[in-house]
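Written below as structure tokens is the structure these notes are about.
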Amino acid sequence: MAGLSGVELQSKLVSEGRAPPVIFITAFPSERIEAQARSLGAIGFLSKPFDAQVLVQCIQQALSRTGPG
């Protein structure tokens, strides 16, 4: 994603009305970036290393939002 951050991509998709469920995973957590991501509808904002069960919970939440296939 040259020139585009994950939050910028999420913002673009939201503005176009086609944002899928998003789980951010980062090695460089920032409260400001997390707040932006969550305000755009991010399901999770995980900092490395993270607990695998937390990721599973985020994925389950994402799947419940998307409905049947």
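To be explicit about the labels: the chains of the structure tokens are called A, B, and onward in the order shown, and within each one the residues are counted from 1, while ligands get numbers from 1 in the order they are shown.
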
**OP:** Tell me which protein, DNA and RNA residues are within 12 Å of Arg38 in chain A, counting only C-alpha atoms, leaving out same-chain ones fewer than 2 positions away, and put them as a PyMOL selection string.
**Re:** chain A and resi 7+10-11+21-24+31-36+40-46

**OP:** Just the helix (DSSP H, G or I) stuff from chain A, please, per backbone DSSP, written as a PyMOL selection string.
**Re:** chain A and resi 6-15+31-39+52-66

Just-selected residues, N, CA and C atoms written as a JSON list (two decimals), in the first residue's frame:
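And here is the file that came out, out_8.json:
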[["chain", "number", "residue", "atom", "x", "y", "z"],
["A", 6, "GLY", "N", -3.11, 1.98, 6.71],
["A", 6, "GLY", "CA", -4.30, 1.14, 6.91],
["A", 6, "GLY", "C", -5.52, 1.95, 7.29],
["A", 7, "VAL", "N", -5.33, 2.93, 8.17],
["A", 7, "VAL", "CA", -6.46, 3.78, 8.58],
["A", 7, "VAL", "C", -6.95, 4.62, 7.40],
["A", 8, "GLU", "N", -6.03, 5.10, 6.58],
["A", 8, "GLU", "CA", -6.43, 5.87, 5.39],
["A", 8, "GLU", "C", -7.23, 4.99, 4.43],
["A", 9, "LEU", "N", -6.80, 3.75, 4.25],
["A", 9, "LEU", "CA", -7.54, 2.83, 3.39],
["A", 9, "LEU", "C", -8.92, 2.56, 3.97],
["A", 10, "GLN", "N", -8.99, 2.31, 5.27],
["A", 10, "GLN", "CA", -10.28, 2.07, 5.90],
["A", 10, "GLN", "C", -11.20, 3.29, 5.72],
["A", 11, "SER", "N", -10.67, 4.48, 5.90],
["A", 11, "SER", "CA", -11.45, 5.71, 5.72],
["A", 11, "SER", "C", -11.98, 5.82, 4.30],
["A", 12, "LYS", "N", -11.13, 5.51, 3.34],
["A", 12, "LYS", "CA", -11.53, 5.57, 1.92],
["A", 12, "LYS", "C", -12.66, 4.57, 1.65],
["A", 13, "LEU", "N", -12.52, 3.36, 2.14],
["A", 13, "LEU", "CA", -13.55, 2.35, 1.92],
["A", 13, "LEU", "C", -14.87, 2.73, 2.59],
["A", 14, "VAL", "N", -14.78, 3.27, 3.80],
["A", 14, "VAL", "CA", -15.99, 3.72, 4.50],
["A", 14, "VAL", "C", -16.68, 4.82, 3.70],
["A", 15, "SER", "N", -15.91, 5.78, 3.21],
["A", 15, "SER", "CA", -16.50, 6.89, 2.46],
["A", 15, "SER", "C", -17.13, 6.43, 1.15],
["A", 31, "GLU", "N", -2.46, 5.22, 20.63],
["A", 31, "GLU", "CA", -3.83, 5.49, 21.07],
["A", 31, "GLU", "C", -4.58, 6.33, 20.04],
["A", 32, "ARG", "N", -3.89, 7.27, 19.44],
["A", 32, "ARG", "CA", -4.53, 8.15, 18.43],
["A", 32, "ARG", "C", -4.98, 7.34, 17.22],
["A", 33, "ILE", "N", -4.11, 6.47, 16.73],
["A", 33, "ILE", "CA", -4.45, 5.66, 15.56],
["A", 33, "ILE", "C", -5.56, 4.67, 15.91],
["A", 34, "GLU", "N", -5.47, 4.08, 17.10],
["A", 34, "GLU", "CA", -6.53, 3.15, 17.52],
["A", 34, "GLU", "C", -7.88, 3.86, 17.58],
["A", 35, "ALA", "N", -7.90, 5.06, 18.13],
["A", 35, "ALA", "CA", -9.15, 5.83, 18.21],
["A", 35, "ALA", "C", -9.70, 6.11, 16.81],
["A", 36, "GLN", "N", -8.82, 6.46, 15.87],
["A", 36, "GLN", "CA", -9.26, 6.71, 14.50],
["A", 36, "GLN", "C", -9.84, 5.44, 13.88],
["A", 37, "ALA", "N", -9.12, 4.33, 14.04],
["A", 37, "ALA", "CA", -9.57, 3.06, 13.46],
["A", 37, "ALA", "C", -10.92, 2.65, 14.03],
["A", 38, "ARG", "N", -11.06, 2.76, 15.34],
["A", 38, "ARG", "CA", -12.33, 2.36, 15.97],
["A", 38, "ARG", "C", -13.47, 3.29, 15.57],
["A", 39, "SER", "N", -13.17, 4.58, 15.41],
["A", 39, "SER", "CA", -14.23, 5.52, 15.00],
["A", 39, "SER", "C", -14.71, 5.23, 13.57],
["A", 52, "ALA", "N", -3.90, -15.14, 20.84],
["A", 52, "ALA", "CA", -4.62, -15.74, 19.70],
["A", 52, "ALA", "C", -6.12, -15.79, 19.95],
["A", 53, "GLN", "N", -6.52, -16.00, 21.18],
["A", 53, "GLN", "CA", -7.96, -16.07, 21.48],
["A", 53, "GLN", "C", -8.64, -14.72, 21.22],
["A", 54, "VAL", "N", -7.94, -13.65, 21.45],
["A", 54, "VAL", "CA", -8.50, -12.31, 21.17],
["A", 54, "VAL", "C", -8.72, -12.16, 19.66],
["A", 55, "LEU", "N", -7.78, -12.64, 18.87],
["A", 55, "LEU", "CA", -7.94, -12.59, 17.42],
["A", 55, "LEU", "C", -9.13, -13.44, 16.99],
["A", 56, "VAL", "N", -9.27, -14.62, 17.56],
["A", 56, "VAL", "CA", -10.41, -15.49, 17.24],
["A", 56, "VAL", "C", -11.72, -14.78, 17.57],
["A", 57, "GLN", "N", -11.78, -14.11, 18.70],
["A", 57, "GLN", "CA", -12.99, -13.38, 19.09],
["A", 57, "GLN", "C", -13.30, -12.26, 18.09],
["A", 58, "CYS", "N", -12.27, -11.56, 17.65],
["A", 58, "CYS", "CA", -12.46, -10.50, 16.65],
["A", 58, "CYS", "C", -12.97, -11.08, 15.33],
["A", 59, "ILE", "N", -12.41, -12.21, 14.93],
["A", 59, "ILE", "CA", -12.85, -12.86, 13.68],
["A", 59, "ILE", "C", -14.30, -13.31, 13.80],
["A", 60, "GLN", "N", -14.66, -13.87, 14.94],
["A", 60, "GLN", "CA", -16.05, -14.29, 15.14],
["A", 60, "GLN", "C", -17.00, -13.10, 15.08],
["A", 61, "GLN", "N", -16.58, -12.00, 15.66],
["A", 61, "GLN", "CA", -17.40, -10.79, 15.61],
["A", 61, "GLN", "C", -17.53, -10.29, 14.18],
["A", 62, "ALA", "N", -16.44, -10.32, 13.42],
["A", 62, "ALA", "CA", -16.47, -9.89, 12.02],
["A", 62, "ALA", "C", -17.42, -10.77, 11.22],
["A", 63, "LEU", "N", -17.34, -12.06, 11.43],
["A", 63, "LEU", "CA", -18.21, -12.99, 10.69],
["A", 63, "LEU", "C", -19.67, -12.80, 11.04],
["A", 64, "SER", "N", -19.96, -12.46, 12.29],
["A", 64, "SER", "CA", -21.34, -12.24, 12.68],
["A", 64, "SER", "C", -21.91, -10.96, 12.05],
["A", 65, "ARG", "N", -21.04, -10.01, 11.72],
["A", 65, "ARG", "CA", -21.48, -8.77, 11.08],
["A", 65, "ARG", "C", -21.72, -8.92, 9.58],
["A", 66, "THR", "N", -21.04, -9.89, 8.97],
["A", 66, "THR", "CA", -21.15, -10.01, 7.52],
["A", 66, "THR", "C", -22.33, -10.86, 7.09]]

Subject >> Backbone DSSP call of strand (DSSP E or B) for chain A, listed as number ranges by chain >> reply: A: 23-26, 44-47

Please, could you write that set of residues out with N, CA, C and O atoms as a PDB file, in the first residue's frame?
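Saved result, part.pdb, follows:
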ATOM      1  N   ILE A  23      -9.821  -5.742  11.160  1.00  0.00           N
ATOM      2  CA  ILE A  23      -9.080  -5.983  12.397  1.00  0.00           C
ATOM      3  C   ILE A  23      -7.658  -5.485  12.141  1.00  0.00           C
ATOM      4  O   ILE A  23      -6.971  -6.003  11.266  1.00  0.00           O
ATOM      5  N   PHE A  24      -7.254  -4.470  12.867  1.00  0.00           N
ATOM      6  CA  PHE A  24      -5.901  -3.939  12.729  1.00  0.00           C
ATOM      7  C   PHE A  24      -4.954  -4.733  13.611  1.00  0.00           C
ATOM      8  O   PHE A  24      -5.271  -5.029  14.763  1.00  0.00           O
ATOM      9  N   ILE A  25      -3.797  -5.070  13.079  1.00  0.00           N
ATOM     10  CA  ILE A  25      -2.722  -5.716  13.829  1.00  0.00           C
ATOM     11  C   ILE A  25      -1.470  -4.877  13.611  1.00  0.00           C
ATOM     12  O   ILE A  25      -1.091  -4.613  12.470  1.00  0.00           O
ATOM     13  N   THR A  26      -0.850  -4.441  14.711  1.00  0.00           N
ATOM     14  CA  THR A  26       0.284  -3.543  14.591  1.00  0.00           C
ATOM     15  C   THR A  26       1.395  -3.880  15.584  1.00  0.00           C
ATOM     16  O   THR A  26       1.126  -4.394  16.667  1.00  0.00           O
ATOM     17  N   GLY A  44     -11.280  -4.675  15.760  1.00  0.00           N
ATOM     18  CA  GLY A  44     -10.214  -4.884  16.719  1.00  0.00           C
ATOM     19  C   GLY A  44      -8.988  -4.076  16.367  1.00  0.00           C
ATOM     20  O   GLY A  44      -8.802  -3.668  15.222  1.00  0.00           O
ATOM     21  N   PHE A  45      -8.171  -3.842  17.377  1.00  0.00           N
ATOM     22  CA  PHE A  45      -6.896  -3.151  17.203  1.00  0.00           C
ATOM     23  C   PHE A  45      -5.920  -3.888  18.103  1.00  0.00           C
ATOM     24  O   PHE A  45      -5.852  -3.633  19.305  1.00  0.00           O
ATOM     25  N   LEU A  46      -5.203  -4.839  17.534  1.00  0.00           N
ATOM     26  CA  LEU A  46      -4.347  -5.723  18.296  1.00  0.00           C
ATOM     27  C   LEU A  46      -2.886  -5.320  18.174  1.00  0.00           C
ATOM     28  O   LEU A  46      -2.410  -5.021  17.080  1.00  0.00           O
ATOM     29  N   SER A  47      -2.198  -5.330  19.297  1.00  0.00           N
ATOM     30  CA  SER A  47      -0.769  -5.024  19.327  1.00  0.00           C
ATOM     31  C   SER A  47       0.013  -6.323  19.410  1.00  0.00           C
ATOM     32  O   SER A  47      -0.316  -7.199  20.204  1.00  0.00           O
TER      33      SER A  47
END
